[in-house]
Structures are given as structure tokens and as C-alpha cells.
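Peer 1: I'm passing along coords.pdb; it holds PDB, C-alpha atoms, pLDDT in the B column.
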ATOM      1  CA  MET V   1      -8.401 -13.150  31.001  1.00 67.00           C
ATOM      2  CA  CYS V   2     -10.587 -14.043  28.028  1.00 76.00           C
ATOM      3  CA  CYS V   3     -10.336 -10.497  26.669  1.00 83.00           C
ATOM      4  CA  SER V   4      -6.558 -10.866  26.463  1.00 83.00           C
ATOM      5  CA  GLN V   5      -6.579 -13.866  24.116  1.00 80.00           C
ATOM      6  CA  MET V   6      -5.507 -13.263  20.527  1.00 81.00           C
ATOM      7  CA  PHE V   7      -8.260 -14.435  18.185  1.00 81.00           C
ATOM      8  CA  SER V   8      -9.723 -13.737  14.796  1.00 83.00           C
ATOM      9  CA  ILE V   9     -13.288 -12.819  13.906  1.00 87.00           C
ATOM     10  CA  SER V  10     -15.299 -13.238  10.732  1.00 83.00           C
ATOM     11  CA  ARG V  11     -15.814 -10.459   8.203  1.00 84.00           C
ATOM     12  CA  ILE V  12     -19.520 -10.556   9.074  1.00 84.00           C
ATOM     13  CA  GLU V  13     -18.670  -9.736  12.692  1.00 90.00           C
ATOM     14  CA  ALA V  14     -16.327  -6.988  11.478  1.00 91.00           C
ATOM     15  CA  VAL V  15     -19.278  -5.381   9.649  1.00 90.00           C
ATOM     16  CA  TYR V  16     -21.298  -5.300  12.878  1.00 92.00           C
ATOM     17  CA  ILE V  17     -18.391  -3.747  14.764  1.00 95.00           C
ATOM     18  CA  SER V  18     -17.939  -1.142  11.999  1.00 94.00           C
ATOM     19  CA  ARG V  19     -21.619  -0.244  12.272  1.00 95.00           C
ATOM     20  CA  ALA V  20     -21.365   0.031  16.064  1.00 95.00           C
ATOM     21  CA  MET V  21     -18.349   2.323  15.684  1.00 95.00           C
ATOM     22  CA  LYS V  22     -20.349   4.683  13.454  1.00 95.00           C
ATOM     23  CA  ALA V  23     -23.031   4.992  16.136  1.00 95.00           C
ATOM     24  CA  MET V  24     -20.546   5.978  18.876  1.00 96.00           C
ATOM     25  CA  PRO V  25     -19.657   9.502  19.928  1.00 96.00           C
ATOM     26  CA  GLU V  26     -16.522  10.792  18.159  1.00 97.00           C
ATOM     27  CA  ALA V  27     -14.438  10.813  21.355  1.00 96.00           C
ATOM     28  CA  GLU V  28     -15.150   7.104  21.940  1.00 96.00           C
ATOM     29  CA  ARG V  29     -14.353   6.272  18.302  1.00 96.00           C
ATOM     30  CA  ASP V  30     -11.036   8.131  18.621  1.00 97.00           C
ATOM     31  CA  ARG V  31     -10.177   6.273  21.843  1.00 96.00           C
ATOM     32  CA  LEU V  32     -10.956   2.913  20.234  1.00 96.00           C
ATOM     33  CA  ARG V  33      -8.962   3.734  17.081  1.00 96.00           C
ATOM     34  CA  THR V  34      -5.943   4.697  19.189  1.00 96.00           C
ATOM     35  CA  ALA V  35      -6.226   1.432  21.140  1.00 95.00           C
ATOM     36  CA  ALA V  36      -6.668  -0.546  17.888  1.00 95.00           C
ATOM     37  CA  ARG V  37      -3.560   1.007  16.294  1.00 95.00           C
ATOM     38  CA  GLY V  38      -1.601   0.064  19.428  1.00 94.00           C
ATOM     39  CA  TYR V  39      -3.010  -3.463  19.258  1.00 91.00           C
ATOM     40  CA  VAL V  40      -2.049  -3.910  15.588  1.00 90.00           C
ATOM     41  CA  SER V  41       1.492  -2.720  16.283  1.00 90.00           C
ATOM     42  CA  ALA V  42       1.883  -4.944  19.362  1.00 89.00           C
ATOM     43  CA  ALA V  43       0.363  -7.966  17.559  1.00 86.00           C
ATOM     44  CA  ARG V  44       2.814  -7.607  14.659  1.00 84.00           C
ATOM     45  CA  GLU V  45       5.677  -7.485  17.119  1.00 85.00           C
ATOM     46  CA  LEU V  46       4.406 -10.530  19.052  1.00 82.00           C
ATOM     47  CA  LEU V  47       3.705 -12.557  15.929  1.00 77.00           C
ATOM     48  CA  GLY V  48       6.825 -11.485  14.081  1.00 75.00           C
ATOM     49  CA  GLY V  49       4.880  -9.518  11.461  1.00 56.00           C
ATOM     50  CA  ASP V  50       3.459 -12.701   9.887  1.00 52.00           C
ATOM     51  CA  GLU V  51      -0.203 -11.738   9.464  1.00 49.00           C
ATOM     52  CA  ASP V  52      -1.044 -14.954   7.618  1.00 47.00           C
ATOM     53  CA  ALA V  53       0.692 -17.299  10.085  1.00 46.00           C
ATOM     54  CA  ASP V  54      -2.620 -19.018  10.828  1.00 44.00           C
ATOM     55  CA  GLU V  55      -4.938 -19.034   7.835  1.00 43.00           C
ATOM     56  CA  GLY V  56      -7.367 -21.394   9.597  1.00 44.00           C
ATOM     57  CA  GLU V  57     -10.599 -20.107  11.062  1.00 44.00           C
ATOM     58  CA  ALA V  58     -10.387 -19.567  14.821  1.00 43.00           C
ATOM     59  CA  ILE V  59     -12.990 -21.486  16.796  1.00 41.00           C
ATOM     60  CA  THR V  60     -11.647 -20.716  20.257  1.00 44.00           C
ATOM     61  CA  PRO V  61      -8.901 -18.394  21.499  1.00 47.00           C
ATOM     62  CA  ARG V  62      -5.460 -19.641  20.543  1.00 52.00           C
ATOM     63  CA  PRO V  63      -2.875 -20.487  23.190  1.00 57.00           C
ATOM     64  CA  GLY V  64       0.262 -18.425  23.199  1.00 63.00           C
ATOM     65  CA  PRO V  65       0.775 -14.675  23.118  1.00 69.00           C
ATOM     66  CA  ARG V  66      -1.665 -12.600  25.116  1.00 80.00           C
ATOM     67  CA  LEU V  67      -2.698  -9.089  24.177  1.00 87.00           C
ATOM     68  CA  ALA V  68      -5.676  -7.176  25.555  1.00 89.00           C
ATOM     69  CA  CYS V  69      -8.472  -6.598  23.044  1.00 92.00           C
ATOM     70  CA  PRO V  70      -8.540  -2.972  21.894  1.00 94.00           C
ATOM     71  CA  ALA V  71     -12.245  -2.802  22.771  1.00 94.00           C
ATOM     72  CA  LEU V  72     -11.503  -3.526  26.432  1.00 92.00           C
ATOM     73  CA  ALA V  73     -11.730  -0.358  28.538  1.00 91.00           C
ATOM     74  CA  GLY V  74     -10.982  -1.128  32.172  1.00 86.00           C
ATOM     75  CA  ASP V  75     -13.059  -4.217  32.856  1.00 82.00           C
ATOM     76  CA  ALA V  76     -15.756  -3.501  30.271  1.00 88.00           C
ATOM     77  CA  CYS V  77     -16.207  -4.144  26.568  1.00 90.00           C
ATOM     78  CA  SER V  78     -16.669  -0.952  24.556  1.00 93.00           C
ATOM     79  CA  ILE V  79     -18.434  -2.844  21.764  1.00 94.00           C
ATOM     80  CA  TYR V  80     -20.470  -5.174  23.973  1.00 92.00           C
ATOM     81  CA  GLN V  81     -23.650  -5.069  21.856  1.00 92.00           C
ATOM     82  CA  ALA V  82     -21.607  -5.854  18.707  1.00 93.00           C
ATOM     83  CA  ARG V  83     -19.116  -8.250  20.324  1.00 91.00           C
ATOM     84  CA  PRO V  84     -18.074 -11.274  18.254  1.00 90.00           C
ATOM     85  CA  ILE V  85     -19.548 -14.743  18.693  1.00 84.00           C
ATOM     86  CA  ILE V  86     -16.392 -16.039  20.382  1.00 81.00           C
ATOM     87  CA  CYS V  87     -16.897 -13.414  23.114  1.00 83.00           C
ATOM     88  CA  ARG V  88     -20.549 -14.372  23.499  1.00 79.00           C
ATOM     89  CA  LYS V  89     -19.751 -18.096  23.801  1.00 74.00           C
ATOM     90  CA  TRP V  90     -16.634 -18.208  25.938  1.00 69.00           C
ATOM     91  CA  GLY V  91     -18.469 -18.085  29.270  1.00 64.00           C
ATOM     92  CA  ILE V  92     -20.185 -21.420  28.616  1.00 65.00           C
ATOM     93  CA  PRO V  93     -18.458 -24.769  28.071  1.00 67.00           C
ATOM     94  CA  ILE V  94     -17.671 -24.971  24.359  1.00 68.00           C
ATOM     95  CA  PHE V  95     -16.772 -27.704  21.950  1.00 69.00           C
ATOM     96  CA  ASN V  96     -13.580 -27.340  19.928  1.00 70.00           C
ATOM     97  CA  PRO V  97     -13.471 -29.653  16.886  1.00 71.00           C
ATOM     98  CA  ALA V  98      -9.658 -29.686  17.123  1.00 71.00           C
ATOM     99  CA  LYS V  99      -9.999 -31.344  20.566  1.00 72.00           C
ATOM    100  CA  PRO V 100     -13.196 -33.401  20.341  1.00 70.00           C
ATOM    101  CA  SER V 101     -12.623 -35.270  23.598  1.00 71.00           C
ATOM    102  CA  GLU V 102     -12.832 -32.164  25.792  1.00 70.00           C
ATOM    103  CA  LEU V 103     -14.978 -29.134  26.472  1.00 70.00           C
ATOM    104  CA  GLN V 104     -13.304 -25.804  27.126  1.00 70.00           C
ATOM    105  CA  ALA V 105     -14.538 -23.106  29.458  1.00 70.00           C
ATOM    106  CA  CYS V 106     -13.298 -20.255  31.579  1.00 68.00           C
ATOM    107  CA  GLU V 107     -12.614 -21.628  35.033  1.00 68.00           C
ATOM    108  CA  LEU V 108     -13.861 -18.363  36.551  1.00 66.00           C
ATOM    109  CA  ASN V 109     -17.421 -19.418  35.680  1.00 67.00           C
ATOM    110  CA  PHE V 110     -17.384 -22.450  37.971  1.00 72.00           C
ATOM    111  CA  ARG V 111     -16.867 -23.199  41.651  1.00 75.00           C
ATOM    112  CA  PRO V 112     -14.012 -25.527  42.663  1.00 78.00           C
ATOM    113  CA  GLY V 113     -15.079 -29.157  42.241  1.00 79.00           C
ATOM    114  CA  GLU V 114     -18.206 -28.266  40.255  1.00 76.00           C
ATOM    115  CA  GLU V 115     -18.881 -30.693  37.407  1.00 75.00           C
ATOM    116  CA  VAL V 116     -20.478 -29.865  34.076  1.00 71.00           C
ATOM    117  CA  GLU V 117     -23.052 -32.178  32.525  1.00 73.00           C
ATOM    118  CA  VAL V 118     -21.921 -32.483  28.898  1.00 69.00           C
ATOM    119  CA  GLU V 119     -25.005 -34.240  27.549  1.00 76.00           C
ATOM    120  CA  GLY V 120     -26.760 -31.858  25.220  1.00 76.00           C
ATOM    121  CA  LEU V 121     -23.875 -29.354  25.045  1.00 73.00           C
ATOM    122  CA  ILE V 122     -21.856 -30.660  22.120  1.00 75.00           C
ATOM    123  CA  GLU V 123     -24.468 -31.481  19.461  1.00 78.00           C
ATOM    124  CA  PRO V 124     -26.008 -27.988  19.213  1.00 80.00           C
ATOM    125  CA  GLN V 125     -22.534 -26.443  19.117  1.00 76.00           C
ATOM    126  CA  VAL V 126     -21.418 -28.742  16.311  1.00 78.00           C
ATOM    127  CA  ALA V 127     -24.548 -27.793  14.330  1.00 83.00           C
ATOM    128  CA  LEU V 128     -23.943 -24.081  15.021  1.00 80.00           C
ATOM    129  CA  LEU V 129     -20.299 -24.416  13.984  1.00 78.00           C
ATOM    130  CA  GLU V 130     -21.237 -26.146  10.728  1.00 84.00           C
ATOM    131  CA  GLU V 131     -23.822 -23.465   9.912  1.00 86.00           C
ATOM    132  CA  TRP V 132     -21.378 -20.682  10.845  1.00 77.00           C
ATOM    133  CA  VAL V 133     -18.610 -22.100   8.621  1.00 79.00           C
ATOM    134  CA  GLU V 134     -21.117 -22.465   5.777  1.00 85.00           C
ATOM    135  CA  LEU V 135     -22.326 -18.866   6.198  1.00 81.00           C
ATOM    136  CA  LYS V 136     -18.761 -17.509   6.249  1.00 75.00           C
ATOM    137  CA  GLY V 137     -17.904 -19.542   3.127  1.00 79.00           C
ATOM    138  CA  LEU V 138     -20.970 -18.175   1.353  1.00 82.00           C
ATOM    139  CA  ALA V 139     -19.989 -14.621   2.292  1.00 74.00           C
ATOM    140  CA  LYS V 140     -16.421 -15.249   1.105  1.00 74.00           C
ATOM    141  CA  ARG V 141     -17.608 -16.543  -2.273  1.00 78.00           C
ATOM    142  CA  SER V 142     -20.435 -14.025  -2.757  1.00 79.00           C
ATOM    143  CA  LEU V 143     -18.398 -10.971  -1.809  1.00 71.00           C
ATOM    144  CA  GLY V 144     -15.105 -12.100  -3.297  1.00 70.00           C
ATOM    145  CA  TYR V 145     -13.148 -12.052  -0.045  1.00 66.00           C
ATOM    146  CA  ARG V 146      -9.682 -13.591  -0.061  1.00 64.00           C
ATOM    147  CA  SER V 147     -10.144 -14.382   3.623  1.00 64.00           C
ATOM    148  CA  THR V 148     -13.163 -14.540   5.908  1.00 62.00           C
ATOM    149  CA  ARG V 149     -11.241 -13.615   9.034  1.00 74.00           C
ATOM    150  CA  SER V 150     -10.194 -10.349  10.559  1.00 82.00           C
ATOM    151  CA  THR V 151      -9.529  -8.935  14.019  1.00 85.00           C
ATOM    152  CA  VAL V 152     -11.474  -6.649  16.324  1.00 89.00           C
ATOM    153  CA  ALA V 153      -8.713  -4.058  15.831  1.00 90.00           C
ATOM    154  CA  GLU V 154      -9.147  -4.141  12.031  1.00 88.00           C
ATOM    155  CA  ALA V 155     -12.914  -3.861  12.439  1.00 89.00           C
ATOM    156  CA  ILE V 156     -12.414  -0.764  14.588  1.00 92.00           C
ATOM    157  CA  LEU V 157      -9.946   0.830  12.173  1.00 91.00           C
ATOM    158  CA  ASP V 158     -11.505  -0.083   8.800  1.00 88.00           C
ATOM    159  CA  ASP V 159     -14.989   0.473   7.399  1.00 87.00           C
ATOM    160  CA  PHE V 160     -16.140  -3.094   6.846  1.00 82.00           C
ATOM    161  CA  ASP V 161     -19.732  -1.870   6.611  1.00 77.00           C
ATOM    162  CA  GLN V 162     -18.905   0.129   3.472  1.00 73.00           C
ATOM    163  CA  ALA V 163     -16.883  -2.794   2.082  1.00 59.00           C
ATOM    164  CA  ALA V 164     -19.861  -5.125   2.588  1.00 58.00           C
ATOM    165  CA  ASP V 165     -22.201  -2.698   0.826  1.00 58.00           C
ATOM    166  CA  SER V 166     -19.871  -2.326  -2.169  1.00 55.00           C
ATOM    167  CA  GLY V 167     -19.153  -6.049  -2.464  1.00 50.00           C
ATOM    168  CA  GLU V 168     -15.470  -5.445  -1.688  1.00 51.00           C
ATOM    169  CA  SER V 169     -13.535  -6.171   1.435  1.00 44.00           C
ATOM    170  CA  ALA V 170     -11.721  -3.688   3.624  1.00 53.00           C
ATOM    171  CA  ASN V 171      -7.985  -3.361   2.857  1.00 51.00           C
ATOM    172  CA  GLY V 172      -8.510  -5.182  -0.434  1.00 47.00           C
ATOM    173  CA  LYS V 173      -8.696  -8.562   1.305  1.00 43.00           C
TER     174      LYS V 173
END
What's the C-alpha cells form of this structure?
Peer 2:
Amino acid sequence: MCCSQMFSISRIEAVYISRAMKAMPEAERDRLRTAARGYVSAARELLGGDEDADEGEAITPRPGPRLACPALAGDACSIYQARPIICRKWGIPIFNPAKPSELQACELNFRPGEEVEVEGLIEPQVALLEEWVELKGLAKRSLGYRSTRSTVAEAILDDFDQAADSGESANGK
């Protein structure tokens, strides 16, 4: 279920995915590129072609349209070692600054009736979020990016690693 949420990733994460793509066998890269092209087409259709509909930085998956991540092959992530932070965090209860009175988590990680002790969960996540936003802002300013967000599909299709090395961003963004 989590792998079918539509979410954005940072340009830094896109660089790591681009590097992972380069290390894969050609057949796997081709399969992922085909899946990513399908994802981009389906996402445009679902979102009405408005790529900049949500210029805010995604902290958690957004409610609404669902579309399987192009890196998902069966029940496994094809880019697991380079997966974005959101994918690494979603299994644990996470703090969303847009909804400060609640923690979010995948219900599949808990037994019915099981309670989560929230003490000590929120503060480190707030600190991590603040540092992450600061790092992305620094990258945006230093590298001249118009936006610090991207998608897994774009990271599969474009060479963000080369863009990072040249001080430019993939697709001129």
C-alpha cells in the first residue's frame, strides 16, 4: 500500500537513485525506464497534467490518487538500497508538521489494539525534518535548482548524478 502513494523526493535522493541505476544491469535499467515512463504518463493523467500543483515539500505520502511506484517489481523495491527517506521512514510512526496532534504509521506494522508510546518519537523527527529542509534549501541555493523536489520516476529516467556534478539540474529545473 505504501508503495502506491504518490509522493515527491528531494533532488539529493534523485542523485542517489541515478547512481544506483548506473550500477544495474542494462536489462533492469530498461525495465525500470519503461515502468517510469508509464508512471509519468499515468501521473499526468491522474493529476490533470499540472506538474506544479503542489509546490510544497512532501513530508508524508499525500492522500488522493494512488499509483504504484515505478521501482516496485512484484512485492519488492528495485532500488531498495537507494530508496528515498520517505520509504525508509514510513514503517515507523512518523510526525507530520501539518498535523502536529497525530502520528501517522502504516497499520500493517501493528497488531489490532496495540498502542504506540509517543514519548521520544516526535522530538528527534522534528530535528531531522528541520535539518533535512535546511540541507535541501542549501542544495537548491548552491546548485541553482528552481525546485528541490522530483519523483522516483524522474530519477530513474534522468541523470541527476550528472546534473549534480555539473551544478545544473536535470530537465533544466
Peer 1: Translate the PyMOL selection byres ((chain V and resi 22-33) around 8), as applied to the file shown, into an explicit residue set as a list in words.
Peer 2: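 With the PyMOL selection byres ((chain V and resi 22-33) around 8) on this model, the match is Ser18, Arg19, Ala20, Met21, Thr34, Ala35, Ala36, Arg37, Pro70, Ala71, Ala153, Ile156 and Leu157 of chain V.
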Peer 1: I'd like to know which of V:Val15, V:Ile86, V:Ser4, V:Pro97 is closest to Ala127 of chain V, using only C-alpha atoms.
Peer 2: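 Counting only C-alpha atoms, the residue closest to Ala127 of chain V is V:Pro97.
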Peer 1: Distance atom CA of Phe160 of chain V-atom CA of Ile17 of chain V, one decimal place?
Peer 2: 8.3 Å
Peer 1: How many Å separate atom CA of Gly38 of chain V from atom CA of Arg149 of chain V?
Peer 2: 19.7 Å
Peer 1: If you measure from atom CA of Arg11 of chain V to atom CA of Thr151 of chain V, what distance in Å do you get, rounded to one decimal?
Peer 2: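 Between these atoms lies a distance of 8.7 Å.
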Peer 1: Running the PyMOL selection byres ((chain V and resi 80) around 12) on this model by hand, what would come out? Give it as a ChimeraX atom specification.
Peer 2: /V:3,16-17,20-21,71-73,75-79,81-85,87-88,152
Peer 1: From (-19.7, -22.6, 9.5), in the file's coordinates, out to 12 Å: which residues are reached, counting all atoms listed in the file? Answer as a tab-separated table (two decimals) with C-alpha atoms, keeping the file's coordinate frame.
Peer 2:
chain	number	residue	atom	x	y	z
V	10	SER	CA	-15.30	-13.24	10.73
V	57	GLU	CA	-10.60	-20.11	11.06
V	58	ALA	CA	-10.39	-19.57	14.82
V	59	ILE	CA	-12.99	-21.49	16.80
V	97	PRO	CA	-13.47	-29.65	16.89
V	125	GLN	CA	-22.53	-26.44	19.12
V	126	VAL	CA	-21.42	-28.74	16.31
V	127	ALA	CA	-24.55	-27.79	14.33
V	128	LEU	CA	-23.94	-24.08	15.02
V	129	LEU	CA	-20.30	-24.42	13.98
V	130	GLU	CA	-21.24	-26.15	10.73
V	131	GLU	CA	-23.82	-23.46	9.91
V	132	TRP	CA	-21.38	-20.68	10.84
V	133	VAL	CA	-18.61	-22.10	8.62
V	134	GLU	CA	-21.12	-22.46	5.78
V	135	LEU	CA	-22.33	-18.87	6.20
V	136	LYS	CA	-18.76	-17.51	6.25
V	137	GLY	CA	-17.90	-19.54	3.13
V	138	LEU	CA	-20.97	-18.18	1.35
V	139	ALA	CA	-19.99	-14.62	2.29
V	140	LYS	CA	-16.42	-15.25	1.10
V	148	THR	CA	-13.16	-14.54	5.91
